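query.cif, holding mmCIF, C-alpha atoms:
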data_entry
#
loop_
_atom_site.label_atom_id
_atom_site.label_comp_id
_atom_site.auth_asym_id
_atom_site.auth_seq_id
_atom_site.Cartn_x
_atom_site.Cartn_y
_atom_site.Cartn_z
CA MET A 227 120.02 140.93 108.63
CA LYS A 228 117.54 141.20 111.49
CA GLN A 229 115.84 144.46 112.33
CA LEU A 230 116.28 146.27 115.63
CA ARG A 231 113.64 145.44 118.18
CA ILE A 232 112.40 147.97 120.68
CA GLY A 233 111.87 145.23 123.27
CA VAL A 234 115.53 144.19 123.17
CA LEU A 235 116.70 147.78 123.50
CA ALA A 236 114.23 148.51 126.31
CA GLY A 237 115.24 145.34 128.14
CA LEU A 238 118.91 146.21 127.82
CA PHE A 239 118.18 149.71 129.11
CA VAL A 240 116.19 148.49 132.11
CA VAL A 241 118.65 145.76 133.12
CA ALA A 242 121.61 148.12 132.82
CA GLY A 243 119.70 150.80 134.73
CA VAL A 244 118.79 148.53 137.63
CA LEU A 245 122.31 147.14 137.89
CA SER A 246 123.79 150.63 137.66
CA TRP A 247 121.45 151.97 140.34
CA ALA A 248 122.36 149.10 142.68
CA GLY A 249 126.05 149.50 141.86
CA ALA A 250 125.88 153.26 142.52
CA ARG A 251 124.29 152.66 145.92
CA LEU A 252 126.92 150.09 146.84
CA TRP A 253 129.84 152.12 145.49
CA ASP A 254 128.68 155.30 147.25
CA SER A 255 128.34 153.45 150.56
CA LEU A 256 131.89 152.10 150.24
CA GLY A 257 133.58 155.24 148.99
CA THR A 258 133.24 157.96 146.41
CA LEU A 259 130.92 157.41 143.48
CA PRO A 260 132.68 158.06 140.14
CA SER A 261 131.36 161.09 138.32
CA VAL A 262 129.33 161.13 135.14
CA PRO A 263 131.59 162.72 132.51
CA LEU A 264 130.42 165.84 130.73
CA ALA A 265 131.57 164.24 127.48
CA ALA A 266 129.02 161.39 127.74
CA PRO A 267 125.99 163.28 126.39
CA ILE A 268 128.18 165.13 123.88
CA VAL A 269 129.60 161.92 122.38
CA LEU A 270 126.16 160.31 122.21
CA ALA A 271 124.73 163.43 120.55
CA VAL A 272 127.54 163.41 117.97
CA ILE A 273 126.80 159.76 117.17
CA ALA A 274 123.10 160.62 116.75
CA VAL A 275 124.00 163.46 114.37
CA VAL A 276 126.30 161.20 112.33
CA LEU A 277 123.61 158.52 112.04
CA THR A 278 120.99 161.08 111.05
CA ALA A 279 123.28 162.68 108.47
CA THR A 280 124.08 159.26 107.01
CA ALA A 281 120.39 158.39 106.81
CA LEU A 282 119.49 161.69 105.16
CA SER A 283 122.33 161.34 102.65
CA LEU A 284 121.36 157.78 101.76
CA ARG A 285 117.69 158.72 101.53
CA SER A 286 118.37 161.52 99.05
CA ARG A 287 120.69 159.32 96.97
CA LEU A 288 118.17 156.47 96.91
CA ARG A 289 115.37 158.88 95.95
CA ALA A 290 117.47 160.28 93.09
CA GLN A 291 118.29 156.73 91.97
CA ARG A 292 114.59 155.70 92.04
CA GLU A 293 113.61 158.78 90.05
CA ARG A 294 116.36 157.90 87.55
CA ARG A 295 117.95 161.34 87.62
CA PRO A 296 120.88 161.52 85.19
CA ASP A 297 123.27 162.92 87.82
CA ALA A 298 122.23 160.41 90.52
CA LYS A 299 125.00 158.64 92.38
CA GLY A 300 124.18 155.04 93.07
CA VAL A 301 124.22 153.54 96.53
CA ASP A 302 126.55 150.60 96.98
CA PRO A 303 124.54 147.85 98.73
CA LEU A 304 127.54 146.90 100.87
CA MET A 305 127.91 150.50 102.05
CA ALA A 306 124.22 150.64 102.93
CA ALA A 307 124.52 147.35 104.83
CA ARG A 308 127.53 148.68 106.73
CA ALA A 309 125.61 151.82 107.63
CA VAL A 310 122.74 149.74 108.98
CA VAL A 311 125.12 147.57 111.02
CA PHE A 312 126.76 150.73 112.40
CA GLY A 313 123.31 152.05 113.33
CA GLN A 314 122.28 148.82 115.01
CA ALA A 315 125.51 148.58 116.97
CA SER A 316 125.20 152.21 117.99
CA ALA A 317 121.62 151.66 119.17
CA LEU A 318 122.61 148.64 121.27
CA VAL A 319 125.53 150.49 122.86
CA ALA A 320 123.39 153.59 123.39
CA ALA A 321 120.71 151.51 125.16
CA LEU A 322 123.35 150.01 127.44
CA VAL A 323 125.11 153.31 128.17
CA SER A 324 121.81 155.16 128.64
CA GLY A 325 120.71 152.50 131.10
CA ILE A 326 123.93 152.84 133.05
CA TYR A 327 123.69 156.62 133.21
CA GLY A 328 119.94 156.43 133.84
CA GLY A 329 120.42 154.15 136.85
CA THR A 330 123.17 156.38 138.19
CA GLY A 331 120.99 159.44 137.58
CA VAL A 332 118.08 157.90 139.49
CA TYR A 333 120.41 157.26 142.42
CA LEU A 334 121.73 160.83 142.24
CA LEU A 335 118.18 162.25 142.43
CA SER A 336 118.22 161.60 146.18
CA HIS A 337 121.31 163.83 146.52
CA LEU A 338 120.25 166.96 144.61
CA ASP A 339 121.04 169.18 147.61
CA ILE A 340 124.77 168.72 146.88
CA PRO A 341 125.76 170.95 143.92
CA SER A 342 128.26 168.48 142.40
CA ARG A 343 125.74 165.65 142.60
CA ARG A 344 123.08 167.87 141.01
CA ASP A 345 125.42 168.53 138.07
CA GLN A 346 126.11 164.80 137.76
CA ALA A 347 122.36 164.10 137.73
CA PHE A 348 121.91 166.62 134.87
CA TYR A 349 124.75 165.04 132.90
CA ALA A 350 123.21 161.62 133.43
CA GLY A 351 119.80 162.87 132.30
CA PHE A 352 121.23 164.47 129.19
CA SER A 353 123.11 161.23 128.48
CA VAL A 354 119.84 159.30 128.56
CA LEU A 355 118.22 161.81 126.17
CA ALA A 356 121.20 161.70 123.81
CA GLY A 357 121.13 157.88 123.92
CA LEU A 358 117.46 157.99 122.98
CA ALA A 359 118.38 160.25 120.05
CA VAL A 360 120.94 157.64 118.90
CA ILE A 361 118.30 154.92 119.03
CA ILE A 362 115.80 157.02 117.06
CA ALA A 363 118.45 157.87 114.46
CA ALA A 364 119.38 154.18 114.16
CA PHE A 365 115.74 153.22 113.52
CA PHE A 366 115.50 156.00 110.92
CA LEU A 367 118.67 154.79 109.18
CA GLU A 368 117.39 151.22 109.20
CA ARG A 369 114.08 152.35 107.70
CA VAL A 370 115.84 154.35 104.96
CA CYS A 371 117.98 151.36 103.95
CA LYS A 372 115.19 148.79 104.05
CA LEU A 373 114.66 147.10 100.71
CA PRO A 374 111.17 147.46 99.25
CA GLU A 375 109.15 144.27 99.17
CA GLY A 376 108.86 142.93 95.67
CA PRO A 377 106.99 140.09 93.95
CA GLU A 378 109.84 137.66 94.65
CA ASP A 379 109.25 138.17 98.39
CA ASP A 380 105.77 136.63 98.04
CA ASN A 381 107.34 133.25 97.21
CA HIS A 382 109.42 133.13 100.39
CA ASN A 383 108.30 132.66 103.92
CA LYS A 384 109.54 134.86 106.76
CA HIS A 385 112.67 132.70 107.20
CA GLY A 386 113.81 133.32 103.64
CA ALA A 387 113.24 129.74 102.46
CA ALA A 388 111.20 128.88 99.43
CA PRO A 389 107.87 127.21 100.18
CA ALA A 390 107.76 123.44 100.04
CA GLY A 391 105.85 121.73 97.26
CA PRO A 392 105.81 121.75 93.49
CA VAL A 393 107.06 124.82 91.70
#

Whole structure given in structure tokens:
Amino acid sequence: MKQLRIGVLAGLFVVAGVLSWAGARLWDSLGTLPSVPLAAPIVLAVIAVVLTATALSLRSRLRAQRERRPDAKGVDPLMAARAVVFGQASALVAALVSGIYGGTGVYLLSHLDIPSRRDQAFYAGFSVLAGLAVIIAAFFLERVCKLPEGPEDDNHNKHGAAPAGPV
């Protein structure tokens, strides 16, 4: 499984932001710009909390397992892999959604004199912050679930294949 890359997430955020900003300008010139829902930052914040809680739970269970505590519950590798996939998917979606709301928020900054647009700009800003929290939580979860490098990793190159030559 490949790790999350900040460059991919940043690129997704920027592209979505630029397209959203241009779309908001066009949409507002043709009619009424759709509003940023109040639920957007709330849902993103809930996802960040769930990812963080999952990471903290897995971290404590893995620590107890490493310390060989008698009451330690083991961590199923498939469950840990699913948690990492959920975190990665959440980070990708959060980068996209944050870019969309960020681009819309940048457009709305030129209309802060209108109270409804000011509220929409705040919601968009909070959505970007909550999306950033999702991304940070996903990186934390990925770090918690990362397997430690062992001696068998020294015999494999970065593509996972054994080195060529006599054994």

So, with all atoms listed in the file as the atoms that count, which of A:Thr330, A:Ser316, A:Ser342, A:Ser353 lies closest to Leu252 of chain A? A:Thr330

Find the residues around Val301 of chain A up to 9 Å (only C-alpha atoms counted), leave out those fewer than 6 positions away in its own chain, and share them as an NGL selection string. :A and (284 or 287-288 or 291)

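Within the file as shown, the PyMOL selection byres ((chain A and resi 369) around 12) identifies Gln229, Leu230, Thr278, Ala281, Leu282, Leu284, Arg285, Ala306, Ala307, Ala309, Val310, Gly313, Gln314, Ile362, Ala363, Ala364, Phe365, Phe366, Leu367, Glu368, Val370, Cys371, Lys372, Leu373 and Pro374 of chain A.
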
Step by step, work through what the PyMOL selection byres ((chain A and resi 326) around 12) selects in the shown file, and finish by giving those residues as number ranges by chain. A: 238-250, 262, 266, 319-325, 327-333, 350-351, 353-354, 357

So that I can check the surroundings of Ala265 of chain A, please list as number ranges by chain every protein, DNA and RNA residue that reaches within 10 Å of it, counting only C-alpha atoms and ignoring chain neighbours fewer than 5 positions away. A: 270-271, 349, 353

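Between atom CA of His337 of chain A and atom CA of Arg251 of chain A the separation is 11.6 Å.
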
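You will find atom CA of Pro341 of chain A at 15.2 Å from atom CA of Pro263 of chain A.
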
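Distance-wise, atom CA of Asp254 of chain A and atom CA of Leu334 of chain A end up 10.2 Å apart.
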
For segment 270-274 of chain A, take all atoms listed in the file, fit an axis-aligned box around them, add 6 Å to each of the six sides, then output centre and edge lengths in Å rounded to one decimal, as JSON.
{"center_x": 125.3, "center_y": 161.6, "center_z": 119.5, "size_x": 16.4, "size_y": 15.7, "size_z": 17.5}

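Proximity ranking of A:Arg231, A:Arg289, A:Arg295, A:Arg344 relative to Ala317 of chain A places A:Arg231 first, based on all atoms listed in the file.
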
From the structure just shown, export segment 250-288 of chain A with N, CA and C atoms as a PDB file, in the first residue's frame.
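Written file, selection.pdb:
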ATOM      1  N   ALA A 250     -17.228  29.638  -9.549  1.00  0.00           N
ATOM      2  CA  ALA A 250     -18.029  30.554  -8.733  1.00  0.00           C
ATOM      3  C   ALA A 250     -18.195  31.896  -9.434  1.00  0.00           C
ATOM      4  N   ARG A 251     -17.148  32.379 -10.062  1.00  0.00           N
ATOM      5  CA  ARG A 251     -17.252  33.650 -10.811  1.00  0.00           C
ATOM      6  C   ARG A 251     -18.253  33.524 -11.947  1.00  0.00           C
ATOM      7  N   LEU A 252     -18.141  32.429 -12.700  1.00  0.00           N
ATOM      8  CA  LEU A 252     -19.038  32.216 -13.831  1.00  0.00           C
ATOM      9  C   LEU A 252     -20.474  32.035 -13.358  1.00  0.00           C
ATOM     10  N   TRP A 253     -20.674  31.205 -12.345  1.00  0.00           N
ATOM     11  CA  TRP A 253     -22.018  30.907 -11.854  1.00  0.00           C
ATOM     12  C   TRP A 253     -22.674  32.170 -11.293  1.00  0.00           C
ATOM     13  N   ASP A 254     -21.892  32.985 -10.567  1.00  0.00           N
ATOM     14  CA  ASP A 254     -22.453  34.198  -9.982  1.00  0.00           C
ATOM     15  C   ASP A 254     -22.808  35.223 -11.057  1.00  0.00           C
ATOM     16  N   SER A 255     -22.062  35.234 -12.155  1.00  0.00           N
ATOM     17  CA  SER A 255     -22.384  36.173 -13.237  1.00  0.00           C
ATOM     18  C   SER A 255     -23.618  35.733 -14.011  1.00  0.00           C
ATOM     19  N   LEU A 256     -23.930  34.442 -14.000  1.00  0.00           N
ATOM     20  CA  LEU A 256     -25.089  33.926 -14.723  1.00  0.00           C
ATOM     21  C   LEU A 256     -26.341  33.810 -13.862  1.00  0.00           C
ATOM     22  N   GLY A 257     -26.189  33.867 -12.569  1.00  0.00           N
ATOM     23  CA  GLY A 257     -27.340  33.669 -11.687  1.00  0.00           C
ATOM     24  C   GLY A 257     -26.923  33.761 -10.244  1.00  0.00           C
ATOM     25  N   THR A 258     -27.519  32.937  -9.429  1.00  0.00           N
ATOM     26  CA  THR A 258     -27.252  32.944  -7.998  1.00  0.00           C
ATOM     27  C   THR A 258     -26.286  31.822  -7.641  1.00  0.00           C
ATOM     28  N   LEU A 259     -25.223  32.200  -6.980  1.00  0.00           N
ATOM     29  CA  LEU A 259     -24.215  31.238  -6.540  1.00  0.00           C
ATOM     30  C   LEU A 259     -24.802  30.352  -5.442  1.00  0.00           C
ATOM     31  N   PRO A 260     -24.675  29.024  -5.557  1.00  0.00           N
ATOM     32  CA  PRO A 260     -25.175  28.154  -4.480  1.00  0.00           C
ATOM     33  C   PRO A 260     -24.435  28.437  -3.174  1.00  0.00           C
ATOM     34  N   SER A 261     -25.112  28.246  -2.081  1.00  0.00           N
ATOM     35  CA  SER A 261     -24.508  28.560  -0.791  1.00  0.00           C
ATOM     36  C   SER A 261     -23.633  27.420  -0.296  1.00  0.00           C
ATOM     37  N   VAL A 262     -22.701  27.786   0.572  1.00  0.00           N
ATOM     38  CA  VAL A 262     -21.856  26.801   1.244  1.00  0.00           C
ATOM     39  C   VAL A 262     -22.659  26.299   2.443  1.00  0.00           C
ATOM     40  N   PRO A 263     -22.931  25.012   2.537  1.00  0.00           N
ATOM     41  CA  PRO A 263     -23.762  24.520   3.639  1.00  0.00           C
ATOM     42  C   PRO A 263     -23.045  24.605   4.987  1.00  0.00           C
ATOM     43  N   LEU A 264     -23.803  24.898   6.011  1.00  0.00           N
ATOM     44  CA  LEU A 264     -23.263  24.940   7.364  1.00  0.00           C
ATOM     45  C   LEU A 264     -22.760  23.564   7.788  1.00  0.00           C
ATOM     46  N   ALA A 265     -23.337  22.518   7.225  1.00  0.00           N
ATOM     47  CA  ALA A 265     -22.952  21.153   7.592  1.00  0.00           C
ATOM     48  C   ALA A 265     -21.575  20.759   7.064  1.00  0.00           C
ATOM     49  N   ALA A 266     -21.055  21.465   6.064  1.00  0.00           N
ATOM     50  CA  ALA A 266     -19.771  21.079   5.464  1.00  0.00           C
ATOM     51  C   ALA A 266     -18.633  21.038   6.482  1.00  0.00           C
ATOM     52  N   PRO A 267     -18.382  22.111   7.243  1.00  0.00           N
ATOM     53  CA  PRO A 267     -17.287  22.015   8.210  1.00  0.00           C
ATOM     54  C   PRO A 267     -17.595  21.043   9.347  1.00  0.00           C
ATOM     55  N   ILE A 268     -18.867  20.887   9.676  1.00  0.00           N
ATOM     56  CA  ILE A 268     -19.240  19.974  10.760  1.00  0.00           C
ATOM     57  C   ILE A 268     -18.945  18.531  10.366  1.00  0.00           C
ATOM     58  N   VAL A 269     -19.333  18.148   9.152  1.00  0.00           N
ATOM     59  CA  VAL A 269     -19.097  16.776   8.687  1.00  0.00           C
ATOM     60  C   VAL A 269     -17.599  16.498   8.581  1.00  0.00           C
ATOM     61  N   LEU A 270     -16.846  17.442   8.050  1.00  0.00           N
ATOM     62  CA  LEU A 270     -15.396  17.251   7.946  1.00  0.00           C
ATOM     63  C   LEU A 270     -14.756  17.135   9.336  1.00  0.00           C
ATOM     64  N   ALA A 271     -15.228  17.941  10.282  1.00  0.00           N
ATOM     65  CA  ALA A 271     -14.692  17.860  11.645  1.00  0.00           C
ATOM     66  C   ALA A 271     -15.021  16.520  12.292  1.00  0.00           C
ATOM     67  N   VAL A 272     -16.213  15.999  12.048  1.00  0.00           N
ATOM     68  CA  VAL A 272     -16.588  14.684  12.592  1.00  0.00           C
ATOM     69  C   VAL A 272     -15.688  13.596  12.011  1.00  0.00           C
ATOM     70  N   ILE A 273     -15.406  13.670  10.721  1.00  0.00           N
ATOM     71  CA  ILE A 273     -14.514  12.691  10.091  1.00  0.00           C
ATOM     72  C   ILE A 273     -13.114  12.780  10.711  1.00  0.00           C
ATOM     73  N   ALA A 274     -12.637  14.002  10.955  1.00  0.00           N
ATOM     74  CA  ALA A 274     -11.322  14.171  11.582  1.00  0.00           C
ATOM     75  C   ALA A 274     -11.306  13.569  12.986  1.00  0.00           C
ATOM     76  N   VAL A 275     -12.388  13.743  13.731  1.00  0.00           N
ATOM     77  CA  VAL A 275     -12.465  13.179  15.080  1.00  0.00           C
ATOM     78  C   VAL A 275     -12.481  11.653  15.019  1.00  0.00           C
ATOM     79  N   VAL A 276     -13.235  11.091  14.080  1.00  0.00           N
ATOM     80  CA  VAL A 276     -13.295   9.630  13.949  1.00  0.00           C
ATOM     81  C   VAL A 276     -11.918   9.073  13.580  1.00  0.00           C
ATOM     82  N   LEU A 277     -11.231   9.705  12.650  1.00  0.00           N
ATOM     83  CA  LEU A 277      -9.891   9.245  12.269  1.00  0.00           C
ATOM     84  C   LEU A 277      -8.915   9.345  13.441  1.00  0.00           C
ATOM     85  N   THR A 278      -8.982  10.436  14.178  1.00  0.00           N
ATOM     86  CA  THR A 278      -8.092  10.610  15.321  1.00  0.00           C
ATOM     87  C   THR A 278      -8.392   9.581  16.413  1.00  0.00           C
ATOM     88  N   ALA A 279      -9.674   9.353  16.682  1.00  0.00           N
ATOM     89  CA  ALA A 279     -10.045   8.356  17.690  1.00  0.00           C
ATOM     90  C   ALA A 279      -9.595   6.959  17.279  1.00  0.00           C
ATOM     91  N   THR A 280      -9.731   6.638  16.006  1.00  0.00           N
ATOM     92  CA  THR A 280      -9.276   5.340  15.510  1.00  0.00           C
ATOM     93  C   THR A 280      -7.768   5.209  15.669  1.00  0.00           C
ATOM     94  N   ALA A 281      -7.043   6.256  15.326  1.00  0.00           N
ATOM     95  CA  ALA A 281      -5.582   6.220  15.447  1.00  0.00           C
ATOM     96  C   ALA A 281      -5.150   6.072  16.897  1.00  0.00           C
ATOM     97  N   LEU A 282      -5.785   6.808  17.792  1.00  0.00           N
ATOM     98  CA  LEU A 282      -5.428   6.715  19.205  1.00  0.00           C
ATOM     99  C   LEU A 282      -5.745   5.330  19.774  1.00  0.00           C
ATOM    100  N   SER A 283      -6.882   4.776  19.370  1.00  0.00           N
ATOM    101  CA  SER A 283      -7.247   3.436  19.830  1.00  0.00           C
ATOM    102  C   SER A 283      -6.254   2.393  19.328  1.00  0.00           C
ATOM    103  N   LEU A 284      -5.932   2.455  18.051  1.00  0.00           N
ATOM    104  CA  LEU A 284      -4.976   1.497  17.486  1.00  0.00           C
ATOM    105  C   LEU A 284      -3.594   1.669  18.105  1.00  0.00           C
ATOM    106  N   ARG A 285      -3.206   2.910  18.350  1.00  0.00           N
ATOM    107  CA  ARG A 285      -1.889   3.157  18.938  1.00  0.00           C
ATOM    108  C   ARG A 285      -1.794   2.543  20.337  1.00  0.00           C
ATOM    109  N   SER A 286      -2.845   2.720  21.139  1.00  0.00           N
ATOM    110  CA  SER A 286      -2.791   2.154  22.496  1.00  0.00           C
ATOM    111  C   SER A 286      -2.827   0.625  22.461  1.00  0.00           C
ATOM    112  N   ARG A 287      -3.598   0.050  21.544  1.00  0.00           N
ATOM    113  CA  ARG A 287      -3.653  -1.407  21.433  1.00  0.00           C
ATOM    114  C   ARG A 287      -2.326  -1.968  20.932  1.00  0.00           C
ATOM    115  N   LEU A 288      -1.705  -1.299  19.979  1.00  0.00           N
ATOM    116  CA  LEU A 288      -0.409  -1.754  19.470  1.00  0.00           C
ATOM    117  C   LEU A 288       0.678  -1.623  20.544  1.00  0.00           C
TER     118      LEU A 288
END
